[in-house]
>>> print(open('model.txt').read())   # compact mmCIF, N, CA and C atoms
# COMPACT_ATOMS: atom_id res chain seq x y z
N MET A 1 -72.20 -15.53 7.93
CA MET A 1 -70.89 -15.57 8.56
C MET A 1 -69.84 -15.94 7.52
N THR A 2 -68.72 -15.24 7.56
CA THR A 2 -67.63 -15.51 6.63
C THR A 2 -67.08 -16.91 6.87
N GLN A 3 -66.94 -17.67 5.80
CA GLN A 3 -66.46 -19.04 5.91
C GLN A 3 -64.95 -19.15 5.67
N GLU A 4 -64.42 -18.28 4.79
CA GLU A 4 -63.00 -18.31 4.49
C GLU A 4 -62.44 -16.91 4.36
N VAL A 5 -61.18 -16.78 4.72
CA VAL A 5 -60.46 -15.53 4.62
C VAL A 5 -59.22 -15.79 3.78
N LYS A 6 -58.89 -14.84 2.92
CA LYS A 6 -57.61 -14.88 2.20
C LYS A 6 -56.73 -13.82 2.84
N ALA A 7 -55.55 -14.24 3.28
CA ALA A 7 -54.70 -13.30 4.01
C ALA A 7 -53.24 -13.51 3.66
N SER A 8 -52.49 -12.46 3.87
CA SER A 8 -51.04 -12.51 3.84
C SER A 8 -50.55 -12.15 5.24
N HIS A 9 -49.37 -12.63 5.57
CA HIS A 9 -48.83 -12.27 6.87
C HIS A 9 -47.32 -12.19 6.80
N LEU A 10 -46.77 -11.57 7.81
CA LEU A 10 -45.33 -11.65 8.01
C LEU A 10 -45.10 -12.00 9.46
N LEU A 11 -44.02 -12.71 9.71
CA LEU A 11 -43.71 -13.24 11.03
C LEU A 11 -42.33 -12.74 11.44
N VAL A 12 -42.25 -12.15 12.63
CA VAL A 12 -40.98 -11.68 13.18
C VAL A 12 -40.87 -12.14 14.63
N GLU A 13 -39.67 -11.98 15.21
CA GLU A 13 -39.43 -12.50 16.55
C GLU A 13 -39.97 -11.62 17.66
N THR A 14 -39.98 -10.28 17.46
CA THR A 14 -40.33 -9.39 18.57
C THR A 14 -41.51 -8.48 18.24
N GLU A 15 -42.18 -8.07 19.29
CA GLU A 15 -43.28 -7.13 19.13
C GLU A 15 -42.78 -5.82 18.53
N GLN A 16 -41.60 -5.37 18.96
CA GLN A 16 -41.07 -4.10 18.46
C GLN A 16 -40.82 -4.16 16.95
N GLU A 17 -40.30 -5.29 16.47
CA GLU A 17 -40.12 -5.45 15.02
C GLU A 17 -41.46 -5.34 14.29
N ALA A 18 -42.48 -5.99 14.85
CA ALA A 18 -43.81 -5.96 14.23
C ALA A 18 -44.37 -4.54 14.22
N ILE A 19 -44.21 -3.82 15.32
CA ILE A 19 -44.70 -2.44 15.40
C ILE A 19 -43.99 -1.58 14.37
N SER A 20 -42.69 -1.71 14.29
CA SER A 20 -41.90 -0.92 13.35
C SER A 20 -42.29 -1.22 11.90
N LEU A 21 -42.44 -2.48 11.57
CA LEU A 21 -42.84 -2.86 10.21
C LEU A 21 -44.25 -2.39 9.89
N ARG A 22 -45.15 -2.45 10.87
CA ARG A 22 -46.52 -1.97 10.66
C ARG A 22 -46.49 -0.49 10.29
N GLU A 23 -45.68 0.29 11.01
CA GLU A 23 -45.58 1.72 10.72
C GLU A 23 -45.03 1.95 9.31
N GLU A 24 -44.03 1.16 8.92
CA GLU A 24 -43.48 1.28 7.56
C GLU A 24 -44.54 0.98 6.50
N ILE A 25 -45.30 -0.08 6.72
CA ILE A 25 -46.34 -0.47 5.75
C ILE A 25 -47.42 0.61 5.68
N LEU A 26 -47.85 1.11 6.82
CA LEU A 26 -48.87 2.16 6.82
C LEU A 26 -48.35 3.46 6.20
N SER A 27 -47.03 3.62 6.17
CA SER A 27 -46.42 4.81 5.56
C SER A 27 -46.12 4.62 4.08
N GLY A 28 -46.45 3.45 3.53
CA GLY A 28 -46.31 3.28 2.09
C GLY A 28 -45.48 2.11 1.60
N THR A 29 -44.73 1.45 2.46
CA THR A 29 -43.99 0.26 2.04
C THR A 29 -44.99 -0.83 1.68
N ALA A 30 -44.79 -1.49 0.55
CA ALA A 30 -45.69 -2.57 0.14
C ALA A 30 -45.59 -3.73 1.12
N PHE A 31 -46.74 -4.25 1.53
CA PHE A 31 -46.76 -5.38 2.46
C PHE A 31 -45.93 -6.53 1.91
N GLU A 32 -46.09 -6.82 0.62
CA GLU A 32 -45.39 -7.93 -0.02
C GLU A 32 -43.88 -7.76 0.09
N ASP A 33 -43.40 -6.53 -0.08
CA ASP A 33 -41.97 -6.27 0.01
C ASP A 33 -41.47 -6.45 1.44
N ALA A 34 -42.24 -5.96 2.41
CA ALA A 34 -41.86 -6.12 3.82
C ALA A 34 -41.82 -7.59 4.21
N ALA A 35 -42.81 -8.35 3.75
CA ALA A 35 -42.85 -9.79 4.06
C ALA A 35 -41.66 -10.51 3.43
N ALA A 36 -41.38 -10.20 2.17
CA ALA A 36 -40.28 -10.87 1.47
C ALA A 36 -38.94 -10.58 2.15
N GLU A 37 -38.79 -9.39 2.67
CA GLU A 37 -37.51 -9.00 3.26
C GLU A 37 -37.36 -9.43 4.72
N HIS A 38 -38.46 -9.41 5.48
CA HIS A 38 -38.34 -9.58 6.94
C HIS A 38 -38.98 -10.83 7.52
N SER A 39 -39.93 -11.45 6.83
CA SER A 39 -40.68 -12.54 7.44
C SER A 39 -39.83 -13.79 7.66
N LEU A 40 -40.01 -14.41 8.82
CA LEU A 40 -39.34 -15.66 9.15
C LEU A 40 -40.10 -16.87 8.59
N CYS A 41 -41.30 -16.65 8.10
CA CYS A 41 -42.12 -17.72 7.55
C CYS A 41 -41.75 -17.95 6.09
N PRO A 42 -41.73 -19.21 5.63
CA PRO A 42 -41.45 -19.46 4.21
C PRO A 42 -42.40 -18.75 3.25
N SER A 43 -43.61 -18.39 3.72
CA SER A 43 -44.55 -17.67 2.86
C SER A 43 -44.03 -16.29 2.48
N GLY A 44 -43.04 -15.80 3.19
CA GLY A 44 -42.46 -14.50 2.87
C GLY A 44 -41.96 -14.43 1.43
N ALA A 45 -41.47 -15.55 0.93
CA ALA A 45 -40.99 -15.59 -0.46
C ALA A 45 -42.10 -15.28 -1.45
N ASN A 46 -43.35 -15.48 -1.04
CA ASN A 46 -44.52 -15.17 -1.89
C ASN A 46 -45.22 -13.91 -1.39
N GLY A 47 -44.49 -13.02 -0.77
CA GLY A 47 -45.08 -11.79 -0.24
C GLY A 47 -45.97 -12.04 0.96
N GLY A 48 -45.83 -13.21 1.58
CA GLY A 48 -46.62 -13.53 2.76
C GLY A 48 -47.97 -14.15 2.48
N ASP A 49 -48.28 -14.40 1.21
CA ASP A 49 -49.61 -14.91 0.83
C ASP A 49 -49.85 -16.30 1.40
N LEU A 50 -50.94 -16.46 2.14
CA LEU A 50 -51.34 -17.74 2.71
C LEU A 50 -52.51 -18.37 1.96
N GLY A 51 -53.08 -17.65 1.00
CA GLY A 51 -54.25 -18.15 0.30
C GLY A 51 -55.48 -18.11 1.21
N PHE A 52 -56.52 -18.84 0.79
CA PHE A 52 -57.75 -18.91 1.58
C PHE A 52 -57.62 -19.97 2.67
N PHE A 53 -58.20 -19.69 3.83
CA PHE A 53 -58.27 -20.69 4.89
C PHE A 53 -59.56 -20.48 5.67
N GLY A 54 -60.05 -21.57 6.23
CA GLY A 54 -61.27 -21.54 7.02
C GLY A 54 -60.97 -21.58 8.50
N ARG A 55 -62.03 -21.54 9.27
CA ARG A 55 -61.88 -21.61 10.73
C ARG A 55 -61.32 -22.98 11.11
N GLY A 56 -60.46 -22.96 12.12
CA GLY A 56 -59.87 -24.20 12.61
C GLY A 56 -58.59 -24.60 11.91
N GLN A 57 -58.14 -23.82 10.93
CA GLN A 57 -56.93 -24.18 10.19
C GLN A 57 -55.68 -23.46 10.68
N MET A 58 -55.86 -22.39 11.43
CA MET A 58 -54.73 -21.62 11.96
C MET A 58 -54.80 -21.62 13.48
N VAL A 59 -53.70 -21.25 14.12
CA VAL A 59 -53.74 -21.15 15.59
C VAL A 59 -54.77 -20.08 15.97
N PHE A 60 -55.36 -20.24 17.15
CA PHE A 60 -56.50 -19.44 17.55
C PHE A 60 -56.28 -17.94 17.42
N GLU A 61 -55.17 -17.43 17.97
CA GLU A 61 -54.94 -15.98 17.98
C GLU A 61 -54.87 -15.42 16.56
N PHE A 62 -54.21 -16.16 15.69
CA PHE A 62 -54.07 -15.75 14.30
C PHE A 62 -55.43 -15.77 13.60
N GLU A 63 -56.15 -16.87 13.77
CA GLU A 63 -57.46 -17.01 13.15
C GLU A 63 -58.42 -15.91 13.60
N LYS A 64 -58.47 -15.66 14.90
CA LYS A 64 -59.38 -14.64 15.43
C LYS A 64 -59.08 -13.28 14.80
N ALA A 65 -57.81 -12.91 14.77
CA ALA A 65 -57.43 -11.62 14.20
C ALA A 65 -57.81 -11.56 12.72
N ALA A 66 -57.51 -12.60 11.96
CA ALA A 66 -57.79 -12.60 10.52
C ALA A 66 -59.28 -12.49 10.24
N PHE A 67 -60.11 -13.23 10.96
CA PHE A 67 -61.54 -13.19 10.71
C PHE A 67 -62.18 -11.89 11.20
N ASP A 68 -61.54 -11.21 12.15
CA ASP A 68 -62.07 -9.94 12.65
C ASP A 68 -61.73 -8.75 11.76
N LEU A 69 -60.70 -8.89 10.92
CA LEU A 69 -60.27 -7.78 10.05
C LEU A 69 -61.20 -7.62 8.85
N LYS A 70 -61.26 -6.41 8.35
CA LYS A 70 -61.96 -6.14 7.09
C LYS A 70 -60.98 -6.36 5.94
N VAL A 71 -61.49 -6.59 4.74
CA VAL A 71 -60.64 -6.73 3.56
C VAL A 71 -59.83 -5.44 3.39
N GLY A 72 -58.53 -5.60 3.22
CA GLY A 72 -57.63 -4.47 3.05
C GLY A 72 -57.09 -3.91 4.35
N GLU A 73 -57.53 -4.45 5.47
CA GLU A 73 -57.11 -3.95 6.78
C GLU A 73 -55.87 -4.69 7.27
N LEU A 74 -54.93 -3.95 7.86
CA LEU A 74 -53.71 -4.51 8.42
C LEU A 74 -53.87 -4.62 9.94
N SER A 75 -53.55 -5.79 10.47
CA SER A 75 -53.71 -6.01 11.90
C SER A 75 -52.67 -5.26 12.72
N GLU A 76 -52.99 -5.11 13.98
CA GLU A 76 -51.99 -4.78 14.99
C GLU A 76 -51.12 -6.03 15.13
N PRO A 77 -49.97 -5.95 15.78
CA PRO A 77 -49.17 -7.16 16.01
C PRO A 77 -49.97 -8.22 16.77
N VAL A 78 -49.88 -9.46 16.31
CA VAL A 78 -50.60 -10.59 16.90
C VAL A 78 -49.57 -11.60 17.39
N LYS A 79 -49.61 -11.93 18.68
CA LYS A 79 -48.65 -12.88 19.23
C LYS A 79 -49.22 -14.30 19.19
N THR A 80 -48.41 -15.22 18.66
CA THR A 80 -48.72 -16.65 18.72
C THR A 80 -47.48 -17.37 19.22
N ASN A 81 -47.57 -18.68 19.34
CA ASN A 81 -46.40 -19.44 19.78
C ASN A 81 -45.29 -19.44 18.73
N PHE A 82 -45.56 -18.95 17.52
CA PHE A 82 -44.54 -18.86 16.47
C PHE A 82 -43.76 -17.55 16.52
N GLY A 83 -44.35 -16.52 17.12
CA GLY A 83 -43.73 -15.21 17.16
C GLY A 83 -44.80 -14.13 17.01
N TRP A 84 -44.41 -13.02 16.39
CA TRP A 84 -45.32 -11.88 16.20
C TRP A 84 -45.68 -11.74 14.72
N HIS A 85 -46.95 -11.64 14.44
CA HIS A 85 -47.47 -11.56 13.07
C HIS A 85 -48.08 -10.20 12.79
N LEU A 86 -47.98 -9.79 11.54
CA LEU A 86 -48.85 -8.76 10.98
C LEU A 86 -49.66 -9.47 9.91
N ILE A 87 -50.96 -9.23 9.91
CA ILE A 87 -51.87 -9.92 9.01
C ILE A 87 -52.58 -8.90 8.14
N LEU A 88 -52.61 -9.16 6.85
CA LEU A 88 -53.33 -8.32 5.89
C LEU A 88 -54.37 -9.19 5.21
N VAL A 89 -55.64 -8.88 5.44
CA VAL A 89 -56.72 -9.62 4.80
C VAL A 89 -56.94 -9.08 3.39
N THR A 90 -56.88 -9.96 2.40
CA THR A 90 -57.01 -9.53 1.01
C THR A 90 -58.33 -9.94 0.37
N ASP A 91 -59.07 -10.87 0.99
CA ASP A 91 -60.37 -11.27 0.45
C ASP A 91 -61.11 -12.08 1.51
N LYS A 92 -62.43 -12.16 1.36
CA LYS A 92 -63.27 -13.02 2.20
C LYS A 92 -64.34 -13.62 1.31
N GLN A 93 -64.76 -14.83 1.66
CA GLN A 93 -65.86 -15.45 0.92
C GLN A 93 -66.71 -16.28 1.86
N ASP A 94 -68.00 -16.35 1.52
CA ASP A 94 -68.94 -17.10 2.34
C ASP A 94 -69.02 -18.54 1.88
>>> encode(input="model.txt", output="structure tokens")
Amino acid sequence: MTQEVKASHLLVETEQEAISLREEILSGTAFEDAAAEHSLCPSGANGGDLGFFGRGQMVFEFEKAAFDLKVGELSEPVKTNFGWHLILVTDKQD
């Protein structure tokens, strides 16, 4: 079982914003650029990079999505009490 995930994310206020940004990223916009320009989270300044984290360190919805993704996979919009996230898993380690 994967013990840690390395992920980047971007945080926006609405589901529609997340859907629109996901389409842009899938069409070729760099995730890091989208996060730097649009994310409400301070991590946006670093392209959304959150580094490695284990289970129990993030809110449930975010953690579940991140651990379910494959490396290099971009999530569908994920709703948490902070807003709407797009999550990009960049590495996993046991």
>>> select_by_dssp(input="model.txt", residues="chain A", states="helix (DSSP H, G or I)", output="MDAnalysis selection string")
chainID A and resid 15:26 31:38 42:46 60:68
>>> atom_distance(input="model.txt", atom1="CA of Phe60 in chain A", atom2="atom C of Val12 in chain A")
17.5 Å
>>> residues_around(input="model.txt", residues="Glu32 in chain A", least_positions_apart="3", cutoff="8 Å", atoms="only N, CA and C atoms", output="NGL selection string")
:A and (29 or 35-38 or 44-49)
>>> atom_distance(input="model.txt", atom1="CA of Leu74 in chain A", atom2="CA of Arg22 in chain A")
7.9 Å
>>> closest_residue(input="model.txt", among="A:Thr14, A:Thr90, A:Ser39, A:Ser8", to="Pro77 in chain A", atoms="only C-alpha atoms")
A:Thr14
>>> atom_distance(input="model.txt", atom1="atom N of Glu23 in chain A", atom2="CA of Lys79 in chain A")
15.8 Å
>>> axis_aligned_box(input="model.txt", around="range 53-71 of chain A", padding_each_side="6 Å", output="AutoDock Vina command-line options")
--center_x -57.9 --center_y -15.0 --center_z 10.7 --size_x 20.5 --size_y 31.2 --size_z 26.6
>>> closest_residue(input="model.txt", among="A:Gly28, A:Gly54, A:Gly72, A:Pro42", to="Asp94 in chain A", atoms="only C-alpha atoms")
A:Gly54
>>> closest_residue(input="model.txt", among="A:Val78, A:Lys70, A:Ala65, A:Leu88", to="Phe31 in chain A", atoms="all atoms listed in the file")
A:Leu88
>>> select_by_dssp(input="model.txt", residues="range 11-72 of chain A", states="strand (DSSP E)", output="ChimeraX atom specification")
/A:11-12,49-54
>>> write_last_selection(input="model.txt", atoms="N, CA and C atoms", output="tab-separated table (two decimals), keeping the file's coordinate frame")
chain	number	residue	atom	x	y	z
A	11	LEU	N	-44.02	-12.71	9.71
A	11	LEU	CA	-43.71	-13.24	11.03
A	11	LEU	C	-42.33	-12.74	11.44
A	12	VAL	N	-42.25	-12.15	12.63
A	12	VAL	CA	-40.98	-11.68	13.18
A	12	VAL	C	-40.87	-12.14	14.63
A	49	ASP	N	-48.28	-14.40	1.21
A	49	ASP	CA	-49.61	-14.91	0.83
A	49	ASP	C	-49.85	-16.30	1.40
A	50	LEU	N	-50.94	-16.46	2.14
A	50	LEU	CA	-51.34	-17.74	2.71
A	50	LEU	C	-52.51	-18.37	1.96
A	51	GLY	N	-53.08	-17.65	1.00
A	51	GLY	CA	-54.25	-18.15	0.30
A	51	GLY	C	-55.48	-18.11	1.21
A	52	PHE	N	-56.52	-18.84	0.79
A	52	PHE	CA	-57.75	-18.91	1.58
A	52	PHE	C	-57.62	-19.97	2.67
A	53	PHE	N	-58.20	-19.69	3.83
A	53	PHE	CA	-58.27	-20.69	4.89
A	53	PHE	C	-59.56	-20.48	5.67
A	54	GLY	N	-60.05	-21.57	6.23
A	54	GLY	CA	-61.27	-21.54	7.02
A	54	GLY	C	-60.97	-21.58	8.50
>>> closest_residue(input="model.txt", among="A:Leu40, A:Phe52, A:Gln93, A:Leu69", to="Glu13 in chain A", atoms="only C-alpha atoms")
A:Leu40
>>> closest_residue(input="model.txt", among="A:Val71, A:Asp33, A:Gln16, A:Leu11", to="Lys92 in chain A", atoms="all atoms listed in the file")
A:Val71
>>> closest_residue(input="model.txt", among="A:Ala30, A:Leu50, A:Val5, A:Ala18", to="Trp84 in chain A", atoms="only C-alpha atoms")
A:Ala18
>>> decode(input="model.txt", residues="chain A", atoms="C-alpha atoms", output="mmCIF file, in the first residue's frame")
data_model
loop_
_atom_site.group_PDB
_atom_site.id
_atom_site.type_symbol
_atom_site.label_atom_id
_atom_site.label_comp_id
_atom_site.auth_asym_id
_atom_site.auth_seq_id
_atom_site.Cartn_x
_atom_site.Cartn_y
_atom_site.Cartn_z
ATOM 1 C CA MET A 1 0.000 0.000 0.000
ATOM 2 C CA THR A 2 1.257 3.456 -0.903
ATOM 3 C CA GLN A 3 2.413 5.296 2.206
ATOM 4 C CA GLU A 4 3.023 8.754 0.745
ATOM 5 C CA VAL A 5 1.910 10.752 -2.259
ATOM 6 C CA LYS A 6 3.608 13.787 -3.777
ATOM 7 C CA ALA A 7 1.045 16.089 -5.303
ATOM 8 C CA SER A 8 0.400 19.550 -6.591
ATOM 9 C CA HIS A 9 -2.975 21.209 -6.456
ATOM 10 C CA LEU A 10 -4.817 24.348 -7.279
ATOM 11 C CA LEU A 11 -7.724 25.743 -5.309
ATOM 12 C CA VAL A 12 -10.591 27.818 -6.713
ATOM 13 C CA GLU A 13 -13.968 28.966 -5.406
ATOM 14 C CA THR A 14 -16.344 27.274 -7.855
ATOM 15 C CA GLU A 15 -16.775 23.935 -9.536
ATOM 16 C CA GLN A 16 -17.109 25.692 -12.901
ATOM 17 C CA GLU A 17 -13.698 27.351 -12.462
ATOM 18 C CA ALA A 18 -12.178 23.958 -11.654
ATOM 19 C CA ILE A 19 -13.812 22.331 -14.687
ATOM 20 C CA SER A 20 -12.627 25.116 -16.973
ATOM 21 C CA LEU A 21 -9.054 24.992 -15.646
ATOM 22 C CA ARG A 22 -8.994 21.191 -15.927
ATOM 23 C CA GLU A 23 -9.926 21.487 -19.608
ATOM 24 C CA GLU A 24 -7.171 24.079 -20.132
ATOM 25 C CA ILE A 25 -4.575 21.849 -18.449
ATOM 26 C CA LEU A 26 -5.654 18.788 -20.433
ATOM 27 C CA SER A 27 -5.377 20.925 -23.587
ATOM 28 C CA GLY A 28 -1.756 21.804 -22.871
ATOM 29 C CA THR A 29 -1.557 24.574 -20.260
ATOM 30 C CA ALA A 30 1.123 23.667 -17.709
ATOM 31 C CA PHE A 31 -0.391 22.743 -14.346
ATOM 32 C CA GLU A 32 2.234 24.872 -12.588
ATOM 33 C CA ASP A 33 1.272 27.932 -14.645
ATOM 34 C CA ALA A 34 -2.446 27.445 -13.990
ATOM 35 C CA ALA A 35 -1.809 27.051 -10.255
ATOM 36 C CA ALA A 36 0.434 30.117 -10.104
ATOM 37 C CA GLU A 37 -2.149 32.242 -11.893
ATOM 38 C CA HIS A 38 -5.436 30.977 -10.432
ATOM 39 C CA SER A 39 -4.940 29.111 -7.147
ATOM 40 C CA LEU A 40 -6.236 30.680 -3.942
ATOM 41 C CA CYS A 41 -3.805 28.553 -1.921
ATOM 42 C CA PRO A 42 -0.372 29.992 -1.041
ATOM 43 C CA SER A 43 1.149 26.875 -2.657
ATOM 44 C CA GLY A 44 0.163 28.386 -6.005
ATOM 45 C CA ALA A 45 3.317 30.495 -5.855
ATOM 46 C CA ASN A 46 5.253 27.197 -6.097
ATOM 47 C CA GLY A 47 3.126 25.848 -8.943
ATOM 48 C CA GLY A 48 0.833 24.187 -6.416
ATOM 49 C CA ASP A 49 3.504 21.789 -5.098
ATOM 50 C CA LEU A 50 2.533 20.294 -1.730
ATOM 51 C CA GLY A 51 5.461 17.880 -1.468
ATOM 52 C CA PHE A 52 4.997 14.407 0.006
ATOM 53 C CA PHE A 53 2.234 13.695 2.502
ATOM 54 C CA GLY A 54 0.880 10.601 4.180
ATOM 55 C CA ARG A 55 -2.575 9.466 5.122
ATOM 56 C CA GLY A 56 -4.262 11.565 7.770
ATOM 57 C CA GLN A 57 -2.458 14.793 6.841
ATOM 58 C CA MET A 58 -5.050 16.246 4.456
ATOM 59 C CA VAL A 59 -8.819 16.593 4.645
ATOM 60 C CA PHE A 60 -10.540 13.323 3.780
ATOM 61 C CA GLU A 61 -11.895 14.209 0.318
ATOM 62 C CA PHE A 62 -8.543 15.569 -0.810
ATOM 63 C CA GLU A 63 -6.580 12.641 0.608
ATOM 64 C CA LYS A 64 -8.879 10.038 -0.942
ATOM 65 C CA ALA A 65 -8.616 11.624 -4.390
ATOM 66 C CA ALA A 66 -4.820 11.991 -4.177
ATOM 67 C CA PHE A 67 -4.209 8.397 -3.072
ATOM 68 C CA ASP A 68 -6.610 7.053 -5.731
ATOM 69 C CA LEU A 69 -4.833 8.836 -8.614
ATOM 70 C CA LYS A 70 -1.975 7.362 -10.617
ATOM 71 C CA VAL A 71 1.300 9.274 -10.982
ATOM 72 C CA GLY A 72 0.823 11.905 -13.673
ATOM 73 C CA GLU A 73 -2.968 11.774 -13.447
ATOM 74 C CA LEU A 74 -5.062 14.934 -13.001
ATOM 75 C CA SER A 75 -8.137 14.664 -10.795
ATOM 76 C CA GLU A 76 -11.658 15.676 -11.558
ATOM 77 C CA PRO A 77 -12.703 18.669 -9.403
ATOM 78 C CA VAL A 78 -12.651 17.710 -5.706
ATOM 79 C CA LYS A 79 -14.820 19.635 -3.240
ATOM 80 C CA THR A 80 -13.602 20.268 0.307
ATOM 81 C CA ASN A 81 -14.513 22.843 2.923
ATOM 82 C CA PHE A 82 -11.758 25.047 1.411
ATOM 83 C CA GLY A 83 -13.272 25.129 -2.085
ATOM 84 C CA TRP A 84 -12.685 23.175 -5.306
ATOM 85 C CA HIS A 85 -9.338 21.493 -5.995
ATOM 86 C CA LEU A 86 -7.597 19.998 -8.974
ATOM 87 C CA ILE A 87 -4.931 17.536 -7.874
ATOM 88 C CA LEU A 88 -1.967 16.319 -9.898
ATOM 89 C CA VAL A 89 -0.050 13.390 -8.431
ATOM 90 C CA THR A 90 3.637 13.659 -9.290
ATOM 91 C CA ASP A 91 5.121 10.756 -7.284
ATOM 92 C CA LYS A 92 4.282 7.958 -4.841
ATOM 93 C CA GLN A 93 6.438 6.031 -2.414
ATOM 94 C CA ASP A 94 5.936 3.087 -0.110
#
